[in-house]
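Trainee: One structure coming up, written as structure tokens, with questions to follow.
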Amino acid sequence: MSSRGNRHTLTIRHVQQEDFGNYSCVADNSLGRSKKYMEVSGRPGPADFLSPPWSRSTDSFNLTWKVESYPPLQEVRLLYRKLMMNETFQQPGRWNDVILTPTPRPPSEPLTHVMAFTLRGLQHSSVYEAIVQAKNRYGWNEVSDIFQFYTQRISSDTHSEEMQVASSTSRSGATSLHRTRPPTLAWPWTLAAALLSLSLSLASFVGITTPSGRSMQLIG
């Protein structure tokens with residue numbers, strides 16, 4: 001035990017299985033008593049998802065998560081489901097269950113287990129949910145928070161519209177190759193006459209237009 005001001009610490013060194021259990025911290029003063037509890041367990045910590053929520057694919061999604069556990073993981077359970085949604089309601093579908101066998105972790109990461117799994121056969125333009133639970137020799141951890149992710153909208157309609165525009169442009173260009181050049185329009189301009197040597201002459205001009213573009217601390 002150690003204390004520094006209002007910070008009180010219990011350090012458990014070389015943690016063994018017999019150290020697991022519930023711990024409580026009780027504080028008393030002249031105004032009353034306060035108590036807090038916490039559990040020290042060898043079970044894995046809850047999984048944290050690392051994947052961005054938006055898929056680059058219309059029918060698949062790569063889920064990546066991490067789990068902290070001192071003992072090696074023995075089994076991981078992944079569940080996912082589709083959400084049926086519209087503007088007025090949201091109804092979850094049936095959970096799909098995937099059982100995974102973890103691979104040995106690298107020596108450089110003695111605590112953190114990082115895993116990934118690619119879900120295939122998903123529906124485009126859809127919302128899905130996933131949860132993960134892991135097990136080591138001390139048991140199963142708590143279920144992770146729900147992770148929500150989205151598949152891409154299928155682009156066939158957009159592609160079709162682009163093809164129609166391109167085809168229309170192409171036809172327009174082909175037509176312009178056979179189109180005869182329109183006749184040049186002459187715009188008459190009348191120029192005021194000049195009086196030279198008592199002679200009146202009228203000159204007429206024409207213009208042309210053109211296009212433009214390892215230790216554990218419990219801290220209270």
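Each chain of the structure tokens is named A, B, ... in the order shown, its residues numbered from 1; ligands are numbered from 1 in display order.
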Might you pull out every residue within 12 Å of A:Pro72, with only C-alpha atoms counted and same-chain residues fewer than 5 positions away left off, and present them as number ranges by chain?
Mentor: A: 42-44, 67, 101-107, 109-114, 134-139
Trainee: Given the selection you just returned, output its residues as a file containing C-alpha atoms, formatted as an mmCIF file, in the first residue's frame.
Mentor:
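Output file result.cif is given in full below:
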```cif
data_model
loop_
_atom_site.group_PDB
_atom_site.id
_atom_site.type_symbol
_atom_site.label_atom_id
_atom_site.label_comp_id
_atom_site.auth_asym_id
_atom_site.auth_seq_id
_atom_site.Cartn_x
_atom_site.Cartn_y
_atom_site.Cartn_z
ATOM 1 C CA GLY A 42 -7.581 -13.299 -15.459
ATOM 2 C CA ARG A 43 -10.307 -13.217 -18.086
ATOM 3 C CA PRO A 44 -9.719 -11.180 -21.250
ATOM 4 C CA VAL A 67 -8.366 -7.912 -26.961
ATOM 5 C CA THR A 101 -9.449 -19.892 -33.375
ATOM 6 C CA PRO A 102 -6.879 -17.201 -32.472
ATOM 7 C CA THR A 103 -3.366 -17.364 -33.865
ATOM 8 C CA PRO A 104 -0.406 -17.092 -31.453
ATOM 9 C CA ARG A 105 0.464 -13.468 -30.680
ATOM 10 C CA PRO A 106 3.947 -12.106 -31.466
ATOM 11 C CA PRO A 107 6.466 -11.916 -28.593
ATOM 12 C CA GLU A 109 2.915 -7.900 -27.939
ATOM 13 C CA PRO A 110 2.553 -10.026 -24.780
ATOM 14 C CA LEU A 111 -0.751 -8.474 -23.765
ATOM 15 C CA THR A 112 -2.624 -7.296 -26.852
ATOM 16 C CA HIS A 113 -4.232 -9.710 -29.300
ATOM 17 C CA VAL A 114 -5.199 -8.149 -32.660
ATOM 18 C CA ALA A 134 -13.119 -13.841 -26.258
ATOM 19 C CA LYS A 135 -12.114 -16.722 -23.997
ATOM 20 C CA ASN A 136 -8.884 -17.732 -22.281
ATOM 21 C CA ARG A 137 -8.198 -20.376 -19.636
ATOM 22 C CA TYR A 138 -9.941 -18.255 -16.984
ATOM 23 C CA GLY A 139 -13.186 -17.922 -18.920
#
```
Trainee: Nearest to A:Tyr150 among A:Asp28, A:Glu129, A:Asp19, A:Asp97, with distances taken over only C-alpha atoms: which residue is it?
Mentor: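 Using only C-alpha atoms, the shortest distance to A:Tyr150 belongs to A:Glu129.
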Trainee: Would you mind listing what lies within 12 Å of A:Met85 as a count of residues only, with only C-alpha atoms counted and same-chain residues fewer than 4 positions away left out?
Mentor: 9
Trainee: Which residues in stretch 6-189 of chain A does DSSP call alpha helix (DSSP H)? List them as a list in words.
Mentor: Ser156, Asp157, Thr158, His159, Ser160, Glu161, Glu162, Met163, Gln164, Val165, Ala166, Ser167, Ser168, Thr169, Ser170, Arg171, Ser172, Gly173, Ala174, Thr175, Ser176, Leu177 and His178 of chain A
Trainee: Rounded to one decimal, what separation in Å do you get between atom CA of A:Glu39 and atom CA of A:Phe20?
Mentor: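 Atom CA of A:Glu39 sits 7.5 Å away from atom CA of A:Phe20.
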Trainee: If you count only C-alpha atoms, which residues fall within 7 Å of A:Gln133, apart from same-chain ones fewer than 4 positions away, as a list in words?
Mentor: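 Contacts, with the query itself left out: Ala47, Val76, Arg77, Leu78, Trp140, Asn141, Glu142, Val143 and Ser144 of chain A.
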Trainee: Write the residues of the preceding selection, restricted to C-alpha atoms, as a tab-separated table (two decimals), in the first residue's frame.
Mentor:
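Writing the result to part_29.tsv gives the following:
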```tsv
chain	number	residue	atom	x	y	z
A	47	ALA	CA	-12.78	-6.24	-27.30
A	76	VAL	CA	-13.19	-15.95	-30.09
A	77	ARG	CA	-16.85	-15.59	-30.97
A	78	LEU	CA	-17.99	-13.04	-33.55
A	140	TRP	CA	-15.11	-15.62	-21.25
A	141	ASN	CA	-14.82	-11.85	-21.14
A	142	GLU	CA	-17.71	-9.41	-21.24
A	143	VAL	CA	-19.34	-8.91	-24.62
A	144	SER	CA	-17.93	-5.93	-26.49
```
Trainee: Could you check which of A:Tyr23, A:Trp54, A:Phe49, A:Tyr37 is closest to A:Leu10, using only C-alpha atoms?
Mentor: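 Closest to A:Leu10 of all the choices is A:Tyr23.
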Trainee: Go through A:Ala130, A:Asn29, A:Met38, A:Leu100 one by one, measure the shortest atom-to-atom distance of each to A:Ile146 using only C-alpha atoms, and give the residue with the smallest value.
Mentor: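 Counting only C-alpha atoms, the residue closest to A:Ile146 is A:Ala130.
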Trainee: Quick one, how far is atom CA of A:Gln123 from atom CA of A:Trp95?
Mentor: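 A separation of 15.0 Å between them.
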